[in-house]
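This is run.pdb. It holds PDB, C-alpha atoms and all ligand atoms.
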ATOM      1  CA  MET O   2      71.532  90.705  83.907  1.00  0.00           C
ATOM      2  CA  LEU O   3      74.515  88.471  84.129  1.00  0.00           C
ATOM      3  CA  ILE O   4      73.812  84.814  83.442  1.00  0.00           C
ATOM      4  CA  ALA O   5      76.224  82.383  85.004  1.00  0.00           C
ATOM      5  CA  THR O   6      76.153  78.773  83.937  1.00  0.00           C
ATOM      6  CA  LYS O   7      78.049  77.389  86.905  1.00  0.00           C
ATOM      7  CA  PRO O   8      80.606  75.711  84.674  1.00  0.00           C
ATOM      8  CA  ARG O   9      82.573  72.879  86.139  1.00  0.00           C
ATOM      9  CA  SER O  10      85.861  74.447  85.230  1.00  0.00           C
ATOM     10  CA  SER O  11      86.226  78.106  85.926  1.00  0.00           C
ATOM     11  CA  GLY O  12      87.785  80.450  83.427  1.00  0.00           C
ATOM     12  CA  ASN O  13      85.624  79.294  80.519  1.00  0.00           C
ATOM     13  CA  TYR O  14      82.126  80.566  79.999  1.00  0.00           C
ATOM     14  CA  LEU O  15      79.210  80.865  77.611  1.00  0.00           C
ATOM     15  CA  TYR O  16      78.619  84.081  75.723  1.00  0.00           C
ATOM     16  CA  ILE O  17      74.850  84.587  75.519  1.00  0.00           C
ATOM     17  CA  ARG O  18      73.670  87.349  73.190  1.00  0.00           C
ATOM     18  CA  PRO O  19      70.108  87.885  71.923  1.00  0.00           C
ATOM     19  CA  THR O  20      70.199  88.935  68.259  1.00  0.00           C
ATOM     20  CA  MET O  21      67.582  90.272  65.849  1.00  0.00           C
ATOM     21  CA  ILE O  22      67.665  90.539  62.057  1.00  0.00           C
ATOM     22  CA  GLY O  23      65.062  91.724  59.532  1.00  0.00           C
ATOM     23  CA  THR O  24      63.855  88.779  57.428  1.00  0.00           C
ATOM     24  CA  GLN O  25      61.595  90.378  54.840  1.00  0.00           C
ATOM     25  CA  ALA O  26      62.710  90.023  51.219  1.00  0.00           C
ATOM     26  CA  GLN O  27      62.788  93.587  49.956  1.00  0.00           C
ATOM     27  CA  LEU O  28      64.505  95.981  47.660  1.00  0.00           C
ATOM     28  CA  GLY O  29      64.943  99.546  48.761  1.00  0.00           C
ATOM     29  CA  VAL O  30      65.367 101.141  52.148  1.00  0.00           C
ATOM     30  CA  GLN O  31      62.443 100.516  54.457  1.00  0.00           C
ATOM     31  CA  GLU O  32      61.677  99.138  57.878  1.00  0.00           C
ATOM     32  CA  PRO O  33      61.281  95.348  57.738  1.00  0.00           C
ATOM     33  CA  LYS O  34      57.809  94.033  58.572  1.00  0.00           C
ATOM     34  CA  THR O  35      59.165  90.741  59.815  1.00  0.00           C
ATOM     35  CA  ALA O  36      62.191  90.007  61.904  1.00  0.00           C
ATOM     36  CA  GLN O  37      63.712  87.010  63.564  1.00  0.00           C
ATOM     37  CA  MET O  38      65.028  87.030  67.054  1.00  0.00           C
ATOM     38  CA  TYR O  39      67.429  84.338  68.119  1.00  0.00           C
ATOM     39  CA  ILE O  40      69.977  83.839  70.812  1.00  0.00           C
ATOM     40  CA  ILE O  41      73.587  83.111  70.066  1.00  0.00           C
ATOM     41  CA  ILE O  42      75.216  80.962  72.719  1.00  0.00           C
ATOM     42  CA  THR O  43      78.857  80.312  72.216  1.00  0.00           C
ATOM     43  CA  PHE O  44      81.627  78.822  74.269  1.00  0.00           C
ATOM     44  CA  MET O  45      84.346  81.317  75.084  1.00  0.00           C
ATOM     45  CA  PRO O  46      87.913  80.358  75.804  1.00  0.00           C
ATOM     46  CA  VAL O  47      89.932  82.463  78.211  1.00  0.00           C
ATOM     47  CA  MET O  48      91.002  85.647  76.426  1.00  0.00           C
ATOM     48  CA  ASP O  49      91.380  88.044  79.307  1.00  0.00           C
ATOM     49  CA  THR O  50      95.073  87.656  79.997  1.00  0.00           C
ATOM     50  CA  PRO O  51      97.133  88.479  76.911  1.00  0.00           C
ATOM     51  CA  ALA O  52     100.821  88.450  77.791  1.00  0.00           C
ATOM     52  CA  GLY O  53     101.946  91.922  78.775  1.00  0.00           C
ATOM     53  CA  GLY O  54      98.412  93.330  78.771  1.00  0.00           C
ATOM     54  CA  MET O  55      96.167  94.503  75.966  1.00  0.00           C
ATOM     55  CA  ARG O  56      97.497  97.055  73.510  1.00  0.00           C
ATOM     56  CA  LEU O  57      94.983  99.403  71.973  1.00  0.00           C
ATOM     57  CA  HIS O  58      95.034 101.381  68.781  1.00  0.00           C
ATOM     58  CA  THR O  59      92.899 104.496  68.603  1.00  0.00           C
ATOM     59  CA  SER O  60      91.001 105.030  65.355  1.00  0.00           C
ATOM     60  CA  PRO O  61      93.037 106.669  62.627  1.00  0.00           C
ATOM     61  CA  GLU O  62      92.175 110.296  61.872  1.00  0.00           C
ATOM     62  CA  ASP O  63      90.086 109.441  58.815  1.00  0.00           C
ATOM     63  CA  MET O  64      87.864 106.922  60.564  1.00  0.00           C
ATOM     64  CA  VAL O  65      85.011 107.253  63.042  1.00  0.00           C
ATOM     65  CA  HIS O  66      83.384 104.407  64.932  1.00  0.00           C
ATOM     66  CA  ALA O  67      80.498 106.291  66.577  1.00  0.00           C
ATOM     67  CA  TRP O  68      78.999 109.756  66.376  1.00  0.00           C
ATOM     68  CA  VAL O  69      76.219 111.718  68.063  1.00  0.00           C
ATOM     69  CA  GLY O  70      72.975 110.788  66.318  1.00  0.00           C
ATOM     70  CA  GLY O  71      74.432 107.471  65.178  1.00  0.00           C
ATOM     71  CA  PHE O  72      74.144 103.974  66.594  1.00  0.00           C
ATOM     72  CA  GLY O  73      77.190 103.766  68.842  1.00  0.00           C
ATOM     73  CA  TYR O  74      74.905 102.609  71.657  1.00  0.00           C
ATOM     74  CA  ALA O  75      73.690  99.528  69.742  1.00  0.00           C
ATOM     75  CA  LYS O  76      75.456  96.344  68.691  1.00  0.00           C
ATOM     76  CA  LEU O  77      74.812  96.896  64.998  1.00  0.00           C
ATOM     77  CA  GLY O  78      76.988  95.106  62.459  1.00  0.00           C
ATOM     78  CA  ALA O  79      77.484  98.365  60.575  1.00  0.00           C
ATOM     79  CA  ASN O  80      79.357  99.883  63.504  1.00  0.00           C
ATOM     80  CA  TYR O  81      82.213  97.453  63.333  1.00  0.00           C
ATOM     81  CA  GLY O  82      83.574  98.002  59.836  1.00  0.00           C
ATOM     82  CA  PRO O  83      85.794 100.922  60.887  1.00  0.00           C
ATOM     83  CA  SER O  84      87.012  99.100  63.970  1.00  0.00           C
ATOM     84  CA  LEU O  85      88.272  96.148  61.923  1.00  0.00           C
ATOM     85  CA  LYS O  86      90.851  98.385  60.274  1.00  0.00           C
ATOM     86  CA  CYS O  87      92.840  98.378  63.476  1.00  0.00           C
ATOM     87  CA  ILE O  88      92.977  96.346  66.638  1.00  0.00           C
ATOM     88  CA  GLU O  89      91.128  98.322  69.233  1.00  0.00           C
ATOM     89  CA  ALA O  90      88.837  97.896  72.180  1.00  0.00           C
ATOM     90  CA  GLY O  91      86.090  98.415  69.620  1.00  0.00           C
ATOM     91  CA  ALA O  92      83.761  95.838  71.138  1.00  0.00           C
ATOM     92  CA  SER O  93      84.326  96.667  74.772  1.00  0.00           C
ATOM     93  CA  ASN O  94      84.249  99.630  77.109  1.00  0.00           C
ATOM     94  CA  PHE O  95      87.350 101.432  78.211  1.00  0.00           C
ATOM     95  CA  PHE O  96      88.011 102.509  81.817  1.00  0.00           C
ATOM     96  CA  VAL O  97      90.857 104.610  83.175  1.00  0.00           C
ATOM     97  CA  LEU O  98      91.922 105.019  86.780  1.00  0.00           C
ATOM     98  CA  TRP O  99      93.885 108.213  87.213  1.00  0.00           C
ATOM     99  CA  LYS O 100      94.841 110.796  89.741  1.00  0.00           C
ATOM    100  CA  ARG O 101      92.885 113.990  89.308  1.00  0.00           C
ATOM    101  CA  MET O 102      94.451 117.441  89.568  1.00  0.00           C
ATOM    102  CA  ASP O 103      93.134 117.654  93.150  1.00  0.00           C
ATOM    103  CA  GLY O 104      95.001 114.449  94.023  1.00  0.00           C
ATOM    104  CA  ARG O 105      91.929 112.203  94.337  1.00  0.00           C
ATOM    105  CA  LYS O 106      91.778 108.903  92.492  1.00  0.00           C
ATOM    106  CA  GLU O 107      89.090 108.696  89.848  1.00  0.00           C
ATOM    107  CA  LEU O 108      87.778 105.744  87.855  1.00  0.00           C
ATOM    108  CA  ILE O 109      86.366 107.192  84.684  1.00  0.00           C
ATOM    109  CA  VAL O 110      84.328 105.785  81.818  1.00  0.00           C
ATOM    110  CA  ALA O 111      82.580 107.588  78.960  1.00  0.00           C
ATOM    111  CA  PRO O 112      78.910 108.454  79.624  1.00  0.00           C
ATOM    112  CA  LEU O 113      75.816 107.073  77.903  1.00  0.00           C
ATOM    113  CA  ASP O 114      73.847 110.285  77.521  1.00  0.00           C
ATOM    114  CA  ASP O 115      74.782 111.164  73.952  1.00  0.00           C
ATOM    115  CA  LYS O 116      74.299 107.536  72.870  1.00  0.00           C
ATOM    116  CA  LEU O 117      77.854 107.193  71.572  1.00  0.00           C
ATOM    117  CA  ILE O 118      78.738 104.390  73.931  1.00  0.00           C
ATOM    118  CA  MET O 119      77.048 101.073  74.534  1.00  0.00           C
ATOM    119  CA  ASP O 120      75.093 100.636  77.761  1.00  0.00           C
ATOM    120  CA  ALA O 121      76.942  97.355  78.041  1.00  0.00           C
ATOM    121  CA  VAL O 122      76.321  94.768  80.737  1.00  0.00           C
ATOM    122  CA  THR O 123      79.992  94.464  81.719  1.00  0.00           C
ATOM    123  CA  ARG O 124      80.401  98.258  81.903  1.00  0.00           C
ATOM    124  CA  ARG O 125      77.342  98.508  84.136  1.00  0.00           C
ATOM    125  CA  SER O 126      78.506  95.619  86.301  1.00  0.00           C
ATOM    126  CA  CYS O 127      81.945  97.239  86.773  1.00  0.00           C
ATOM    127  CA  LEU O 128      80.360 100.549  87.761  1.00  0.00           C
ATOM    128  CA  GLU O 129      77.955  98.941  90.219  1.00  0.00           C
ATOM    129  CA  LEU O 130      80.640  96.849  91.837  1.00  0.00           C
ATOM    130  CA  ALA O 131      83.085  99.755  91.978  1.00  0.00           C
ATOM    131  CA  ARG O 132      80.486 102.040  93.558  1.00  0.00           C
ATOM    132  CA  GLU O 133      79.540  99.393  96.089  1.00  0.00           C
ATOM    133  CA  ARG O 134      83.086  98.362  96.969  1.00  0.00           C
ATOM    134  CA  LEU O 135      85.464 101.197  96.170  1.00  0.00           C
ATOM    135  CA  GLY O 136      83.316 104.312  96.329  1.00  0.00           C
ATOM    136  CA  ASP O 137      84.802 105.436  99.649  1.00  0.00           C
ATOM    137  CA  ASN O 138      88.321 105.817  98.285  1.00  0.00           C
ATOM    138  CA  ILE O 139      87.813 106.443  94.612  1.00  0.00           C
ATOM    139  CA  VAL O 140      85.591 108.869  92.753  1.00  0.00           C
ATOM    140  CA  ILE O 141      83.640 106.868  90.170  1.00  0.00           C
ATOM    141  CA  THR O 142      82.618 108.983  87.248  1.00  0.00           C
ATOM    142  CA  GLU O 143      80.724 108.632  83.997  1.00  0.00           C
ATOM    143  CA  ARG O 144      81.622 111.674  81.983  1.00  0.00           C
ATOM    144  CA  LYS O 145      83.161 112.759  78.727  1.00  0.00           C
ATOM    145  CA  TYR O 146      86.919 112.693  78.518  1.00  0.00           C
ATOM    146  CA  SER O 147      89.216 112.658  75.566  1.00  0.00           C
ATOM    147  CA  ILE O 148      92.407 111.006  74.414  1.00  0.00           C
ATOM    148  CA  ASP O 149      94.061 114.416  74.873  1.00  0.00           C
ATOM    149  CA  GLY O 150      93.126 114.279  78.557  1.00  0.00           C
ATOM    150  CA  VAL O 151      94.649 110.811  78.783  1.00  0.00           C
ATOM    151  CA  ILE O 152      97.839 111.994  77.045  1.00  0.00           C
ATOM    152  CA  GLU O 153      98.095 114.957  79.401  1.00  0.00           C
ATOM    153  CA  ALA O 154      97.546 112.779  82.470  1.00  0.00           C
ATOM    154  CA  ASP O 155     100.154 110.355  81.150  1.00  0.00           C
ATOM    155  CA  SER O 156     102.712 113.127  80.659  1.00  0.00           C
ATOM    156  CA  GLU O 157     102.115 114.174  84.264  1.00  0.00           C
ATOM    157  CA  GLY O 158     102.399 110.590  85.499  1.00  0.00           C
ATOM    158  CA  ARG O 159      98.791 110.542  86.716  1.00  0.00           C
ATOM    159  CA  ILE O 160      97.546 107.401  84.957  1.00  0.00           C
ATOM    160  CA  LEU O 161      97.308 104.555  87.444  1.00  0.00           C
ATOM    161  CA  GLU O 162      95.482 101.771  85.577  1.00  0.00           C
ATOM    162  CA  ALA O 163      93.451 101.183  82.437  1.00  0.00           C
ATOM    163  CA  PHE O 164      91.271  98.271  81.439  1.00  0.00           C
ATOM    164  CA  ALA O 165      88.796  97.182  78.806  1.00  0.00           C
ATOM    165  CA  ALA O 166      85.550  95.448  79.784  1.00  0.00           C
ATOM    166  CA  GLY O 167      83.142  93.432  77.660  1.00  0.00           C
ATOM    167  CA  THR O 168      81.504  90.009  77.588  1.00  0.00           C
ATOM    168  CA  ALA O 169      83.890  88.553  75.021  1.00  0.00           C
ATOM    169  CA  PHE O 170      87.155  88.967  76.834  1.00  0.00           C
ATOM    170  CA  PHE O 171      85.812  89.961  80.241  1.00  0.00           C
ATOM    171  CA  ILE O 172      88.114  92.452  81.988  1.00  0.00           C
ATOM    172  CA  CYS O 173      91.499  92.922  80.483  1.00  0.00           C
ATOM    173  CA  ALA O 174      94.295  95.191  81.661  1.00  0.00           C
ATOM    174  CA  VAL O 175      95.498  97.687  79.071  1.00  0.00           C
ATOM    175  CA  SER O 176      99.230  98.280  78.921  1.00  0.00           C
ATOM    176  CA  GLN O 177      99.528 100.560  75.936  1.00  0.00           C
ATOM    177  CA  ILE O 178      97.464 102.935  73.820  1.00  0.00           C
ATOM    178  CA  HIS O 179      98.790 103.785  70.395  1.00  0.00           C
ATOM    179  CA  HIS O 180      97.469 107.132  69.226  1.00  0.00           C
ATOM    180  CA  HIS O 181      98.466 108.802  65.959  1.00  0.00           C
ATOM    181  CA  GLY O 182     102.019 107.528  65.974  1.00  0.00           C
ATOM    182  CA  LYS O 183     102.665 107.836  69.705  1.00  0.00           C
ATOM    183  CA  ASP O 184     102.474 105.277  72.494  1.00  0.00           C
ATOM    184  CA  ILE O 185     100.982 105.888  75.905  1.00  0.00           C
ATOM    185  CA  ASN O 186     102.153 103.214  78.297  1.00  0.00           C
ATOM    186  CA  THR O 187      99.584 102.614  81.010  1.00  0.00           C
ATOM    187  CA  PRO O 188     100.855 100.997  84.202  1.00  0.00           C
ATOM    188  CA  MET O 189     100.095  97.374  84.998  1.00  0.00           C
ATOM    189  CA  GLY O 190     100.290  95.825  88.445  1.00  0.00           C
ATOM    190  CA  PRO O 191     103.358  94.043  89.824  1.00  0.00           C
ATOM    191  CA  GLU O 192     104.765  91.351  87.513  1.00  0.00           C
ATOM    192  CA  ASN O 193     102.727  92.657  84.591  1.00  0.00           C
ATOM    193  CA  GLU O 194      99.560  91.622  86.322  1.00  0.00           C
ATOM    194  CA  LEU O 195      96.365  93.533  86.878  1.00  0.00           C
ATOM    195  CA  GLY O 196      96.491  96.795  88.760  1.00  0.00           C
ATOM    196  CA  GLU O 197      94.981  96.783  92.238  1.00  0.00           C
ATOM    197  CA  VAL O 198      91.629  98.336  91.380  1.00  0.00           C
ATOM    198  CA  THR O 199      91.215  96.403  88.128  1.00  0.00           C
ATOM    199  CA  LYS O 200      91.923  93.234  90.077  1.00  0.00           C
ATOM    200  CA  LYS O 201      89.338  94.026  92.750  1.00  0.00           C
ATOM    201  CA  ILE O 202      86.613  94.660  90.204  1.00  0.00           C
ATOM    202  CA  LYS O 203      87.533  91.665  88.091  1.00  0.00           C
ATOM    203  CA  SER O 204      87.721  89.179  90.943  1.00  0.00           C
ATOM    204  CA  ARG O 205      84.393  90.367  92.340  1.00  0.00           C
ATOM    205  CA  LEU O 206      82.727  89.999  88.953  1.00  0.00           C
ATOM    206  CA  PHE O 207      84.385  86.625  88.496  1.00  0.00           C
ATOM    207  CA  ASP O 208      82.895  85.486  91.803  1.00  0.00           C
ATOM    208  CA  VAL O 209      79.431  86.567  90.654  1.00  0.00           C
ATOM    209  CA  MET O 210      79.865  84.807  87.286  1.00  0.00           C
ATOM    210  CA  TYR O 211      80.935  81.575  88.925  1.00  0.00           C
ATOM    211  CA  SER O 212      78.319  81.914  91.672  1.00  0.00           C
ATOM    212  CA  LYS O 213      80.819  82.202  94.503  1.00  0.00           C
ATOM    213  CA  THR O 214      78.992  85.396  95.406  1.00  0.00           C
ATOM    214  CA  GLN O 215      75.254  85.828  95.024  1.00  0.00           C
ATOM    215  CA  LEU O 216      73.946  89.209  93.964  1.00  0.00           C
ATOM    216  CA  GLU O 217      70.341  89.981  93.085  1.00  0.00           C
ATOM    217  CA  TRP O 218      71.298  90.566  89.436  1.00  0.00           C
ATOM    218  CA  GLY O 219      73.029  87.229  89.070  1.00  0.00           C
ATOM    219  CA  VAL O 220      70.896  84.215  88.122  1.00  0.00           C
ATOM    220  CA  VAL O 221      72.444  80.800  88.527  1.00  0.00           C
ATOM    221  CA  ILE O 222      71.331  78.107  86.108  1.00  0.00           C
ATOM    222  CA  PRO O 223      72.515  74.730  87.397  1.00  0.00           C
ATOM    223  CA  GLU O 224      74.091  72.575  84.754  1.00  0.00           C
ATOM    224  CA  LYS O 225      72.811  68.998  84.382  1.00  0.00           C
ATOM    225  CA  GLU O 226      75.478  66.473  85.244  1.00  0.00           C
TER     226      GLU O 226
HETATM  227  C1  LIG O 301      79.835  94.327  72.790  1.00  0.00           C
HETATM  228  C2  LIG O 301      80.289  95.721  72.999  1.00  0.00           C
HETATM  229  C3  LIG O 301      80.603  96.196  74.277  1.00  0.00           C
HETATM  230  C4  LIG O 301      80.549  95.320  75.484  1.00  0.00           C
HETATM  231  O1  LIG O 301      79.260  94.961  75.793  1.00  0.00           O
HETATM  232  P1  LIG O 301      78.969  93.838  76.880  1.00  0.00           P
HETATM  233  O2  LIG O 301      77.469  93.898  77.036  1.00  0.00           O
HETATM  234  O3  LIG O 301      79.678  94.235  78.117  1.00  0.00           O
HETATM  235  O4  LIG O 301      79.468  92.579  76.295  1.00  0.00           O
HETATM  236  C5  LIG O 301      80.981  97.513  74.427  1.00  0.00           C
HETATM  237  N1  LIG O 301      81.101  98.336  73.374  1.00  0.00           N
HETATM  238  C6  LIG O 301      80.829  97.914  72.124  1.00  0.00           C
HETATM  239  C7  LIG O 301      80.963  98.869  70.994  1.00  0.00           C
HETATM  240  C8  LIG O 301      80.420  96.586  71.887  1.00  0.00           C
HETATM  241  O5  LIG O 301      80.183  96.170  70.659  1.00  0.00           O
END
Let's see the structure in the file written out as structure tokens.
Amino acid sequence: MLIATKPRSSGNYLYIRPTMIGTQAQLGVQEPKTAQMYIIITFMPVMDTPAGGMRLHTSPEDMVHAWVGGFGYAKLGANYGPSLKCIEAGASNFFVLWKRMDGRKELIVAPLDDKLIMDAVTRRSCLELARERLGDNIVITERKYSIDGVIEADSEGRILEAFAAGTAFFICAVSQIHHHGKDINTPMGPENELGEVTKKIKSRLFDVMYSKTQLEWGVVIPEKE
């Protein structure tokens, strides 16, 4: 669910994230018998438009952020150590729009089935909006793909757009991916703006967040004057 707060000035928003920590004093490894759940609500400044787009670093070869059987699907503090070593889209989901071999446009994001990737609210919102709005012209796919596939598509000029999506910095165009010493430059829209598809998804989601569009999964909480 997306919770909009109908802020008076658009662009800013509140980040609302339920959190749970074990609170039992204990030595040794065991499940806690008591836990505290609380909700972090924090004001977020606009972070979705870094000049020239977002530049990503893939994990170095000796570092892994998520693995099958691990907790990649959960927002666990322990997951983020490796991602702090470099500046990456480590707390957001990564989407690529490319041209497939058969010439069709495809918006692709990694799947949830092996629990490597977070079933994140922004990811889900992007997929739902893309399917509803863009599904006639673009194939929208959740499936495994690799950085090698991205490199290959880049060398064949098939990458059209890339963006990162997460609550913290919303939807942010990606202009470059640095992978093991090489740079992949992903196209941005005209004047270093968002690409066409990224823009459509972002502006639709923006309208839901700021209650310009009502969807059944958006709940508007009026702010007291
Ligand atoms: C927070 C986070 C996301 C984005 O989740 P949202 O619910 O969209 O904010 C995606 N991936 C990881 C690893 C995260 O930590």
task: Give the residue list for ligand LIG 301 (chain O) at 9 Å, counting all atoms listed in the file, as a PyMOL selection string, sorted by chain and then by residue number.
output: chain O and resi 16+18+66-67+73-78+80-81+90-95+117-126+165-171
message: I need the output of the PyMOL selection byres (((chain O and resi 99) around 6) and not hetatm) for this file as a ChimeraX atom specification; which residues are they?
response: /O:98,100,106-107,159-161
query: Which residue out of O:Gly54, O:Ala26, O:Glu62, O:Glu192 has the minimum interatomic distance to Ile172 in chain O when only C-alpha atoms are used?
result: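 Of O:Gly54, O:Ala26, O:Glu62, O:Glu192, the one nearest Ile172 in chain O is O:Gly54, counting only C-alpha atoms.
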Suppose a student applies the PyMOL selection byres (((chain O and resi 180) around 9) and not hetatm) to this structure; what residues should they get, written as a PDB file with C-alpha atoms, keeping the file's coordinate frame?
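The result, stored in selection.pdb:
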ATOM      1  CA  LEU O  57      94.983  99.403  71.973  1.00  0.00           C
ATOM      2  CA  HIS O  58      95.034 101.381  68.781  1.00  0.00           C
ATOM      3  CA  THR O  59      92.899 104.496  68.603  1.00  0.00           C
ATOM      4  CA  SER O  60      91.001 105.030  65.355  1.00  0.00           C
ATOM      5  CA  PRO O  61      93.037 106.669  62.627  1.00  0.00           C
ATOM      6  CA  ILE O 148      92.407 111.006  74.414  1.00  0.00           C
ATOM      7  CA  ILE O 178      97.464 102.935  73.820  1.00  0.00           C
ATOM      8  CA  HIS O 179      98.790 103.785  70.395  1.00  0.00           C
ATOM      9  CA  HIS O 181      98.466 108.802  65.959  1.00  0.00           C
ATOM     10  CA  GLY O 182     102.019 107.528  65.974  1.00  0.00           C
ATOM     11  CA  LYS O 183     102.665 107.836  69.705  1.00  0.00           C
ATOM     12  CA  ASP O 184     102.474 105.277  72.494  1.00  0.00           C
ATOM     13  CA  ILE O 185     100.982 105.888  75.905  1.00  0.00           C
TER      14      ILE O 185
END
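Using only C-alpha atoms, the shortest contact distance between Thr20 in chain O and any of O:Val220, O:Met48, O:Ile41, O:Val151 is found at O:Ile41.
Here CA of Phe44 in chain O and CA of Leu206 in chain O stand 18.5 Å from one another.
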Who sits within 12 Å of Thr50 in chain O, all atoms listed in the file, same chain under 2 positions skipped, as a PyMOL selection string: chain O and resi 12+46-48+52-56+164-165+170-176+193-195+200+203
message: From the options O:Arg132, O:Arg105, O:Phe96, O:Gln177, which residue's atoms come nearest to Arg144 in chain O, counting all atoms listed in the file?
response: O:Phe96
task: Rank nothing, just name the residue among O:Thr43, O:Ser212, O:Leu108, O:Leu28 nearest to Thr142 in chain O, using only C-alpha atoms.
output: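 Counting only C-alpha atoms, the residue closest to Thr142 in chain O is O:Leu108.
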task: Report the distance between CA of Met189 in chain O and CA of Gly136 in chain O in Å, rounded to one decimal place.
output: 21.4 Å
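CA of Leu130 in chain O is found 20.2 Å from CA of Tyr14 in chain O.
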- prompt: Hey, what comes out of the PyMOL selection byres (((chain O and resi 39) around 10) and not hetatm) on this file? Could you write it as a PyMOL selection string?
  reply: chain O and resi 18-22+36-38+40-42
message: Using only C-alpha atoms for the distances, tell me which of O:Asp149, O:Glu162, O:Glu133, O:Asp155 is nearest to Arg205 in chain O.
response: O:Glu133
query: Between O:Ile109, O:Lys116, O:Lys213, O:Ser156, which one has atoms that come closest to Glu143 in chain O, using only C-alpha atoms?
result: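 Of O:Ile109, O:Lys116, O:Lys213, O:Ser156, the one nearest Glu143 in chain O is O:Ile109, counting only C-alpha atoms.
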